[in-house]
$ cat upload15.cif   # mmCIF, C-alpha atoms
data_protein
loop_
_atom_site.label_atom_id
_atom_site.label_comp_id
_atom_site.auth_asym_id
_atom_site.auth_seq_id
_atom_site.Cartn_x
_atom_site.Cartn_y
_atom_site.Cartn_z
CA MET Z 126 11.35 -82.82 61.60
CA THR Z 127 11.13 -84.62 64.92
CA ARG Z 128 13.51 -87.34 66.00
CA ASN Z 129 10.69 -89.93 65.89
CA THR Z 130 9.76 -88.89 62.37
CA ARG Z 131 13.38 -89.24 61.22
CA MET Z 132 13.58 -92.71 62.76
CA THR Z 133 10.33 -93.79 61.09
CA LEU Z 134 11.52 -92.60 57.67
CA ALA Z 135 14.84 -94.38 58.16
CA LEU Z 136 13.08 -97.64 58.98
CA ILE Z 137 10.84 -97.33 55.93
CA ALA Z 138 13.89 -96.70 53.73
CA ALA Z 139 15.65 -99.76 55.18
CA VAL Z 140 12.64 -101.97 54.48
CA VAL Z 141 12.38 -100.70 50.89
CA LEU Z 142 16.09 -101.31 50.28
CA GLY Z 143 15.85 -104.78 51.83
CA VAL Z 144 12.94 -105.79 49.61
CA ALA Z 145 14.74 -104.41 46.55
CA GLY Z 146 17.79 -106.44 47.47
CA LEU Z 147 15.76 -109.62 47.74
CA LEU Z 148 14.25 -108.99 44.32
CA VAL Z 149 17.71 -108.48 42.80
CA VAL Z 150 18.98 -111.75 44.33
CA ASP Z 151 15.85 -113.56 43.13
CA ARG Z 152 16.31 -112.34 39.58
CA ALA Z 153 20.01 -113.18 39.66
CA ASN Z 154 19.32 -116.74 40.80
CA ARG Z 155 16.57 -117.49 38.36
CA PRO Z 156 17.49 -119.66 35.36
CA SER Z 157 17.69 -117.71 32.13
CA ALA Z 158 15.12 -118.25 29.41
CA PRO Z 159 16.68 -119.03 26.02
CA ALA Z 160 15.42 -116.98 23.14
CA ALA Z 161 14.34 -120.13 21.29
CA GLU Z 162 11.00 -121.46 22.51
CA GLY Z 163 10.93 -124.65 20.44
CA ALA Z 164 13.25 -127.64 20.42
CA VAL Z 165 16.90 -126.91 19.72
CA ASP Z 166 19.05 -128.88 17.29
CA PRO Z 167 20.23 -131.89 19.35
CA SER Z 168 23.71 -131.71 17.80
CA VAL Z 169 24.16 -128.27 19.38
CA LEU Z 170 23.06 -129.41 22.83
CA VAL Z 171 24.96 -132.70 23.05
CA ARG Z 172 28.27 -133.36 21.33
CA ALA Z 173 30.14 -136.66 21.18
CA ASP Z 174 32.60 -135.28 23.75
CA SER Z 175 29.99 -133.70 26.05
CA HIS Z 176 30.30 -134.69 29.69
CA ARG Z 177 27.62 -137.01 31.01
CA LEU Z 178 26.91 -137.49 34.70
CA ALA Z 179 24.49 -140.32 33.87
CA THR Z 180 23.50 -142.20 30.73
CA ALA Z 181 20.19 -143.89 29.94
CA ASP Z 182 19.90 -146.00 26.82
CA ASP Z 183 16.23 -145.12 26.46
CA GLY Z 184 14.87 -142.14 28.31
CA VAL Z 185 15.06 -138.40 28.70
CA THR Z 186 18.08 -136.19 28.09
CA LEU Z 187 18.61 -133.33 30.55
CA VAL Z 188 21.22 -130.76 29.51
CA GLU Z 189 22.48 -128.04 31.83
CA PHE Z 190 24.61 -125.10 30.70
CA LEU Z 191 26.37 -123.95 33.86
CA ASP Z 192 28.98 -121.70 35.38
CA PHE Z 193 30.82 -123.18 38.37
CA GLU Z 194 31.07 -119.70 39.94
CA CYS Z 195 27.35 -118.97 39.51
CA GLU Z 196 25.42 -118.95 42.80
CA GLY Z 197 22.25 -120.01 40.98
CA CYS Z 198 24.10 -123.04 39.61
CA LEU Z 199 25.28 -123.87 43.11
CA ALA Z 200 21.67 -123.65 44.30
CA ALA Z 201 20.61 -126.04 41.52
CA TYR Z 202 23.44 -128.50 42.21
CA PRO Z 203 21.63 -130.47 44.99
CA ALA Z 204 18.53 -130.78 42.80
CA VAL Z 205 20.61 -132.26 39.98
CA GLN Z 206 22.15 -134.73 42.45
CA ARG Z 207 18.68 -135.83 43.57
CA ILE Z 208 17.62 -136.26 39.95
CA LEU Z 209 20.67 -138.43 39.34
CA ASP Z 210 19.64 -140.66 42.26
CA THR Z 211 15.90 -140.72 41.56
CA TYR Z 212 16.00 -141.23 37.79
CA ARG Z 213 18.91 -143.62 37.53
CA GLY Z 214 18.65 -145.47 34.22
CA LYS Z 215 15.89 -143.14 32.99
CA VAL Z 216 17.65 -139.82 32.40
CA THR Z 217 20.86 -138.91 30.63
CA VAL Z 218 22.35 -135.88 32.38
CA VAL Z 219 24.71 -133.75 30.31
CA VAL Z 220 26.81 -130.85 31.58
CA ARG Z 221 27.98 -128.04 29.29
CA TYR Z 222 30.29 -125.18 30.21
CA PHE Z 223 28.96 -121.63 30.02
CA PRO Z 224 31.29 -119.33 32.02
CA MET Z 225 29.76 -115.91 32.49
CA PRO Z 226 31.49 -112.52 32.24
CA GLY Z 227 31.88 -110.87 35.61
CA HIS Z 228 32.82 -114.08 37.41
CA PRO Z 229 36.60 -113.78 37.83
CA ASN Z 230 37.37 -117.51 38.01
CA SER Z 231 34.54 -119.02 35.99
CA ASP Z 232 36.66 -119.77 32.92
CA LEU Z 233 39.48 -121.18 35.05
CA ALA Z 234 37.03 -123.37 36.99
CA ALA Z 235 35.62 -124.77 33.74
CA GLN Z 236 39.18 -125.41 32.56
CA ALA Z 237 39.87 -127.22 35.85
CA ALA Z 238 36.86 -129.46 35.22
CA GLN Z 239 38.09 -130.14 31.70
CA ALA Z 240 41.64 -130.84 32.87
CA ALA Z 241 40.22 -133.36 35.33
CA ALA Z 242 38.06 -134.84 32.56
CA ASP Z 243 41.22 -135.42 30.55
CA GLN Z 244 42.22 -137.79 33.36
CA GLY Z 245 38.78 -139.40 33.58
CA ARG Z 246 37.59 -137.54 36.69
CA PHE Z 247 35.11 -134.95 35.45
CA ALA Z 248 32.24 -135.88 37.76
CA GLU Z 249 34.44 -135.76 40.84
CA MET Z 250 35.90 -132.34 39.95
CA TYR Z 251 32.41 -131.06 39.09
CA ALA Z 252 31.32 -131.95 42.64
CA LEU Z 253 34.40 -130.43 44.31
CA LEU Z 254 34.04 -127.17 42.39
CA PHE Z 255 30.46 -126.69 43.52
CA GLU Z 256 31.04 -127.85 47.08
CA GLY Z 257 34.03 -125.52 47.38
CA GLN Z 258 32.49 -122.55 45.58
CA PRO Z 259 31.95 -120.52 48.80
CA THR Z 260 35.72 -120.74 49.36
CA TRP Z 261 37.06 -119.90 45.89
CA GLY Z 262 34.15 -118.08 44.25
CA HIS Z 263 34.13 -114.33 43.60
CA ARG Z 264 37.82 -113.92 44.39
CA GLN Z 265 39.56 -111.43 42.12
CA ASP Z 266 42.86 -113.33 42.02
CA PRO Z 267 43.18 -116.58 40.04
CA GLN Z 268 42.29 -119.60 42.19
CA THR Z 269 44.78 -121.87 40.44
CA GLU Z 270 46.24 -123.35 43.61
CA VAL Z 271 42.78 -124.15 45.00
CA PHE Z 272 41.98 -126.10 41.83
CA VAL Z 273 45.37 -127.80 41.88
CA GLY Z 274 44.55 -128.79 45.47
CA TYR Z 275 41.34 -130.40 44.25
CA ALA Z 276 43.34 -132.30 41.62
CA ARG Z 277 45.67 -133.52 44.36
CA THR Z 278 42.66 -134.61 46.47
CA LEU Z 279 41.40 -136.65 43.53
CA GLY Z 280 44.78 -138.33 43.06
CA LEU Z 281 45.33 -136.83 39.62
CA ASP Z 282 48.69 -136.40 37.97
CA VAL Z 283 49.18 -132.87 39.31
CA GLU Z 284 51.89 -131.79 36.87
CA ARG Z 285 49.76 -132.89 33.94
CA PHE Z 286 46.77 -131.13 35.48
CA ARG Z 287 48.75 -127.90 35.79
CA GLN Z 288 49.76 -128.11 32.15
CA ASP Z 289 46.28 -128.98 30.93
CA LEU Z 290 44.64 -126.27 33.06
CA THR Z 291 45.74 -123.46 30.75
CA ASP Z 292 46.53 -125.46 27.63
CA PRO Z 293 45.06 -123.83 24.49
CA ALA Z 294 43.16 -127.04 23.74
CA THR Z 295 41.46 -126.85 27.15
CA VAL Z 296 40.58 -123.19 26.64
CA ALA Z 297 39.17 -124.02 23.20
CA ARG Z 298 37.10 -126.91 24.60
CA VAL Z 299 35.42 -124.60 27.13
CA ALA Z 300 34.86 -121.95 24.46
CA ALA Z 301 33.25 -124.53 22.17
CA ASP Z 302 30.66 -125.35 24.84
CA ARG Z 303 29.89 -121.68 25.34
CA ALA Z 304 29.50 -121.20 21.57
CA ASP Z 305 26.99 -124.06 21.48
CA GLY Z 306 25.11 -122.46 24.35
CA GLU Z 307 24.92 -119.16 22.53
CA ALA Z 308 23.70 -120.97 19.40
CA ALA Z 309 20.97 -122.58 21.53
CA GLY Z 310 19.88 -119.18 22.86
CA VAL Z 311 21.47 -119.43 26.30
CA THR Z 312 22.11 -116.03 27.90
CA GLY Z 313 22.62 -116.95 31.56
CA THR Z 314 23.09 -119.81 33.98
CA PRO Z 315 21.82 -122.27 34.94
CA THR Z 316 19.88 -123.04 31.78
CA PHE Z 317 18.26 -126.45 31.37
CA PHE Z 318 16.92 -128.31 28.34
CA VAL Z 319 14.80 -131.46 28.48
CA ASP Z 320 14.81 -133.49 25.27
CA GLY Z 321 15.94 -130.42 23.37
CA ARG Z 322 13.34 -128.03 24.73
CA PRO Z 323 14.42 -125.09 26.89
CA LEU Z 324 12.77 -124.81 30.29
CA THR Z 325 11.79 -121.18 29.97
CA ASP Z 326 9.74 -120.83 33.15
CA LEU Z 327 11.81 -122.85 35.59
CA ARG Z 328 11.61 -121.59 39.19
CA THR Z 329 11.89 -124.58 41.51
CA GLU Z 330 13.15 -128.16 41.69
CA ALA Z 331 9.54 -129.28 41.40
CA ASP Z 332 9.33 -127.52 38.01
CA LEU Z 333 12.41 -129.38 36.81
CA VAL Z 334 11.09 -132.72 38.05
CA ALA Z 335 7.70 -132.05 36.44
CA ALA Z 336 9.36 -131.37 33.08
CA ILE Z 337 11.31 -134.64 33.32
CA ASP Z 338 8.21 -136.60 34.32
CA ALA Z 339 6.23 -135.12 31.44
CA ALA Z 340 8.96 -136.05 28.97
CA LEU Z 341 9.15 -139.60 30.35
CA ALA Z 342 5.38 -139.91 30.04
CA GLY Z 343 5.66 -138.99 26.40
#

$ encode --input "upload15.cif" --output "structure tokens"
Amino acid sequence: MTRNTRMTLALIAAVVLGVAGLLVVDRANRPSAPAAEGAVDPSVLVRADSHRLATADDGVTLVEFLDFECEGCLAAYPAVQRILDTYRGKVTVVVRYFPMPGHPNSDLAAQAAQAAADQGRFAEMYALLFEGQPTWGHRQDPQTEVFVGYARTLGLDVERFRQDLTDPATVARVAADRADGEAAGVTGTPTFFVDGRPLTDLRTEADLVAAIDAALAG
């Protein structure tokens, strides 16, 4: 085999591996499709204690099951922020915890959000967790001190936050959200529901906006 032939084969192999890698990333970042195709029981999707980023008296309800360590959820975060701005007063936006296995700090991050919620600062911690994900995400060691730093930034009672972070009640609250997600057919994150219906073919922000617009139009 000549040197030029070896170089050509190596380049072809690199291209094939690169394309395969892109396909893997694309699949990993796509929202999961719940097993249920029809509307899901509203009581499973939204509980009295579910966290709401926005509330509309009459309008559409958007529910997201998310993992704060999920890169796909981070990619969806700006789209959700734009929806909050664009559809103010028209859409209720509900966040549910769904920490995924394989993400070392996903449960702890959800518990940090819940511990902040116990002090009335869920939305602010939700934002800090996503904005800081490149710093704390996919670290094998617990990122407790990073999350405590966020609590300090928000002016929370830090000692209370530390206690609540791993309190059994906090762990149970996160687990309850995940159980609801599983009951609704959620298998991955982010997974969105609009007025109880899973968005099973969601690929872009435009798809999400189109589903909201269609629901608003009735």

$ residues_around --input "upload15.cif" --residues "Z:Asp166" --least-positions-apart "2" --cutoff "8 Å" --atoms "only C-alpha atoms" --output "PyMOL selection string"
chain Z and resi 164+168-170+309+321

$ resolve_selection --input "upload15.cif" --expression "the PyMOL selection byres ((chain Z and resi 286) around 8)" --output "list in words"
Ala237, Ala240, Ala241, Val273, Ala276, Leu281, Asp282, Val283, Glu284, Arg285, Arg287, Gln288, Asp289 and Leu290 of chain Z

$ write_last_selection --input "upload15.cif" --atoms "C-alpha atoms" --output "short mmCIF file (atom, residue, chain, number, x, y, z; two decimals), in the frame of the given file"
data_model
loop_
_atom_site.label_atom_id
_atom_site.label_comp_id
_atom_site.auth_asym_id
_atom_site.auth_seq_id
_atom_site.Cartn_x
_atom_site.Cartn_y
_atom_site.Cartn_z
CA ALA Z 237 39.87 -127.22 35.85
CA ALA Z 240 41.64 -130.84 32.87
CA ALA Z 241 40.22 -133.36 35.33
CA VAL Z 273 45.37 -127.80 41.88
CA ALA Z 276 43.34 -132.30 41.62
CA LEU Z 281 45.33 -136.83 39.62
CA ASP Z 282 48.69 -136.40 37.97
CA VAL Z 283 49.18 -132.87 39.31
CA GLU Z 284 51.89 -131.79 36.87
CA ARG Z 285 49.76 -132.89 33.94
CA ARG Z 287 48.75 -127.90 35.79
CA GLN Z 288 49.76 -128.11 32.15
CA ASP Z 289 46.28 -128.98 30.93
CA LEU Z 290 44.64 -126.27 33.06
#

$ residues_around --input "upload15.cif" --residues "Z:Thr314" --least-positions-apart "2" --cutoff "12 Å" --atoms "all atoms listed in the file" --output "PyMOL selection string"
chain Z and resi 152-159+188-202+220-226+228+231+303+306-307+310-312+316-318+327

$ atom_distance --input "upload15.cif" --atom1 "atom CA of Z:Leu341" --atom2 "atom CA of Z:Val185"
6.3 Å

$ closest_residue --input "upload15.cif" --among "Z:Asp302, Z:Ala248, Z:Ala234, Z:Gly163" --to "Z:Val271" --atoms "only C-alpha atoms"
Z:Ala234

$ atom_distance --input "upload15.cif" --atom1 "atom CA of Z:Leu279" --atom2 "atom CA of Z:Ala204"
23.6 Å

$ atom_distance --input "upload15.cif" --atom1 "atom CA of Z:Asp266" --atom2 "atom CA of Z:Gln244"
26.0 Å

$ residues_near_point --input "upload15.cif" --point "(39.0, -114.6, 42.3)" --cutoff "9 Å" --atoms "only C-alpha atoms" --output "JSON list (two decimals) with C-alpha atoms, in the coordinates of the input"
[["chain", "number", "residue", "atom", "x", "y", "z"],
["Z", 228, "HIS", "CA", 32.82, -114.08, 37.41],
["Z", 229, "PRO", "CA", 36.60, -113.78, 37.83],
["Z", 230, "ASN", "CA", 37.37, -117.51, 38.01],
["Z", 231, "SER", "CA", 34.54, -119.02, 35.99],
["Z", 261, "TRP", "CA", 37.06, -119.90, 45.89],
["Z", 262, "GLY", "CA", 34.15, -118.08, 44.25],
["Z", 263, "HIS", "CA", 34.13, -114.33, 43.60],
["Z", 264, "ARG", "CA", 37.82, -113.92, 44.39],
["Z", 265, "GLN", "CA", 39.56, -111.43, 42.12],
["Z", 266, "ASP", "CA", 42.86, -113.33, 42.02],
["Z", 267, "PRO", "CA", 43.18, -116.58, 40.04],
["Z", 268, "GLN", "CA", 42.29, -119.60, 42.19]]

$ closest_residue --input "upload15.cif" --among "Z:Ala238, Z:Ala179, Z:Ile337, Z:Val165" --to "Z:Phe272" --atoms "all atoms listed in the file"
Z:Ala238

$ residues_around --input "upload15.cif" --residues "Z:Thr291" --least-positions-apart "4" --cutoff "8 Å" --atoms "all atoms listed in the file" --output "list in words"
Leu233, Gln236, Arg287, Thr295 and Val296 of chain Z

$ resolve_selection --input "upload15.cif" --expression "the PyMOL selection byres ((chain Z and resi 182) around 8)" --output "list in words"
Thr180, Ala181, Asp183, Gly184, Gly214 and Lys215 of chain Z

$ closest_residue --input "upload15.cif" --among "Z:Ala294, Z:Leu178, Z:Leu324, Z:Leu333" --to "Z:Glu249" --atoms "all atoms listed in the file"
Z:Leu178

$ residues_near_point --input "upload15.cif" --point "(35.0, -128.2, 49.4)" --cutoff "12 Å" --atoms "only C-alpha atoms" --output "list in words"
Glu249, Met250, Tyr251, Ala252, Leu253, Leu254, Phe255, Glu256, Gly257, Gln258, Pro259, Thr260, Trp261, Gly262, Val271, Phe272, Gly274, Tyr275 and Thr278 of chain Z

$ write_last_selection --input "upload15.cif" --atoms "C-alpha atoms" --output "tab-separated table (two decimals), keeping the file's coordinate frame"
chain	number	residue	atom	x	y	z
Z	249	GLU	CA	34.44	-135.76	40.84
Z	250	MET	CA	35.90	-132.34	39.95
Z	251	TYR	CA	32.41	-131.06	39.09
Z	252	ALA	CA	31.32	-131.95	42.64
Z	253	LEU	CA	34.40	-130.43	44.31
Z	254	LEU	CA	34.04	-127.17	42.39
Z	255	PHE	CA	30.46	-126.69	43.52
Z	256	GLU	CA	31.04	-127.85	47.08
Z	257	GLY	CA	34.03	-125.52	47.38
Z	258	GLN	CA	32.49	-122.55	45.58
Z	259	PRO	CA	31.95	-120.52	48.80
Z	260	THR	CA	35.72	-120.74	49.36
Z	261	TRP	CA	37.06	-119.90	45.89
Z	262	GLY	CA	34.15	-118.08	44.25
Z	271	VAL	CA	42.78	-124.15	45.00
Z	272	PHE	CA	41.98	-126.10	41.83
Z	274	GLY	CA	44.55	-128.79	45.47
Z	275	TYR	CA	41.34	-130.40	44.25
Z	278	THR	CA	42.66	-134.61	46.47

$ closest_residue --input "upload15.cif" --among "Z:Val171, Z:Leu187, Z:Ala300, Z:Val218" --to "Z:Asp320" --atoms "all atoms listed in the file"
Z:Leu187

$ closest_residue --input "upload15.cif" --among "Z:Arg277, Z:Arg246, Z:Arg328, Z:Arg322" --to "Z:His176" --atoms "all atoms listed in the file"
Z:Arg246

$ closest_residue --input "upload15.cif" --among "Z:Val319, Z:Val334, Z:Ala242, Z:Ala339" --to "Z:Pro167" --atoms "all atoms listed in the file"
Z:Val319

$ build_atoms --input "upload15.cif" --residues "stretch 314-336 of chain Z" --atoms "N, CA, C and O atoms" --output "CSV table (one decimal), in the frame of the given file"
chain,number,residue,atom,x,y,z
Z,314,THR,N,23.0,-118.5,33.4
Z,314,THR,CA,23.1,-119.8,34.0
Z,314,THR,C,22.4,-119.8,35.3
Z,314,THR,O,22.3,-118.8,36.0
Z,315,PRO,N,21.9,-121.0,35.7
Z,315,PRO,CA,21.8,-122.3,34.9
Z,315,PRO,C,20.7,-122.2,33.9
Z,315,PRO,O,19.6,-121.7,34.2
Z,316,THR,N,20.9,-122.9,32.8
Z,316,THR,CA,19.9,-123.0,31.8
Z,316,THR,C,19.8,-124.5,31.5
Z,316,THR,O,20.8,-125.2,31.2
Z,317,PHE,N,18.5,-125.0,31.6
Z,317,PHE,CA,18.3,-126.4,31.4
Z,317,PHE,C,17.4,-126.7,30.1
Z,317,PHE,O,16.6,-125.9,29.7
Z,318,PHE,N,17.7,-127.8,29.5
Z,318,PHE,CA,16.9,-128.3,28.3
Z,318,PHE,C,16.5,-129.7,28.7
Z,318,PHE,O,17.3,-130.5,29.2
Z,319,VAL,N,15.3,-130.1,28.4
Z,319,VAL,CA,14.8,-131.5,28.5
Z,319,VAL,C,14.4,-131.9,27.1
Z,319,VAL,O,13.5,-131.4,26.5
Z,320,ASP,N,15.1,-133.0,26.6
Z,320,ASP,CA,14.8,-133.5,25.3
Z,320,ASP,C,14.8,-132.4,24.2
Z,320,ASP,O,13.9,-132.3,23.3
Z,321,GLY,N,15.8,-131.5,24.4
Z,321,GLY,CA,15.9,-130.4,23.4
Z,321,GLY,C,15.1,-129.2,23.6
Z,321,GLY,O,15.3,-128.2,22.9
Z,322,ARG,N,14.2,-129.2,24.5
Z,322,ARG,CA,13.3,-128.0,24.7
Z,322,ARG,C,13.8,-127.2,25.9
Z,322,ARG,O,14.0,-127.8,27.0
Z,323,PRO,N,14.0,-125.9,25.8
Z,323,PRO,CA,14.4,-125.1,26.9
Z,323,PRO,C,13.3,-125.0,27.9
Z,323,PRO,O,12.1,-124.8,27.6
Z,324,LEU,N,13.7,-125.0,29.2
Z,324,LEU,CA,12.8,-124.8,30.3
Z,324,LEU,C,12.7,-123.3,30.6
Z,324,LEU,O,13.6,-122.8,31.3
Z,325,THR,N,11.8,-122.6,30.0
Z,325,THR,CA,11.8,-121.2,30.0
Z,325,THR,C,11.1,-120.6,31.2
Z,325,THR,O,11.2,-119.4,31.4
Z,326,ASP,N,10.4,-121.4,32.0
Z,326,ASP,CA,9.7,-120.8,33.2
Z,326,ASP,C,10.1,-121.6,34.4
Z,326,ASP,O,9.2,-121.9,35.2
Z,327,LEU,N,11.3,-122.0,34.5
Z,327,LEU,CA,11.8,-122.8,35.6
Z,327,LEU,C,12.1,-122.0,36.8
Z,327,LEU,O,12.8,-121.0,36.8
Z,328,ARG,N,11.4,-122.3,38.0
Z,328,ARG,CA,11.6,-121.6,39.2
Z,328,ARG,C,12.1,-122.5,40.4
Z,328,ARG,O,12.8,-122.0,41.2
Z,329,THR,N,11.6,-123.7,40.4
Z,329,THR,CA,11.9,-124.6,41.5
Z,329,THR,C,12.3,-126.0,41.0
Z,329,THR,O,12.2,-126.3,39.9
Z,330,GLU,N,12.8,-126.8,42.0
Z,330,GLU,CA,13.2,-128.2,41.7
Z,330,GLU,C,11.9,-128.9,41.2
Z,330,GLU,O,12.0,-129.8,40.3
Z,331,ALA,N,10.8,-128.6,41.8
Z,331,ALA,CA,9.5,-129.3,41.4
Z,331,ALA,C,9.2,-129.0,39.9
Z,331,ALA,O,8.7,-129.9,39.2
Z,332,ASP,N,9.5,-127.8,39.4
Z,332,ASP,CA,9.3,-127.5,38.0
Z,332,ASP,C,10.2,-128.4,37.1
Z,332,ASP,O,9.8,-128.9,36.1
Z,333,LEU,N,11.5,-128.6,37.6
Z,333,LEU,CA,12.4,-129.4,36.8
Z,333,LEU,C,12.0,-130.8,36.8
Z,333,LEU,O,12.0,-131.5,35.8
Z,334,VAL,N,11.6,-131.3,37.9
Z,334,VAL,CA,11.1,-132.7,38.0
Z,334,VAL,C,9.8,-132.9,37.2
Z,334,VAL,O,9.7,-133.9,36.5
Z,335,ALA,N,8.9,-131.9,37.2
Z,335,ALA,CA,7.7,-132.0,36.4
Z,335,ALA,C,8.0,-132.1,34.9
Z,335,ALA,O,7.4,-132.9,34.2
Z,336,ALA,N,9.0,-131.4,34.5
Z,336,ALA,CA,9.4,-131.4,33.1
Z,336,ALA,C,9.9,-132.7,32.7
Z,336,ALA,O,9.6,-133.3,31.6
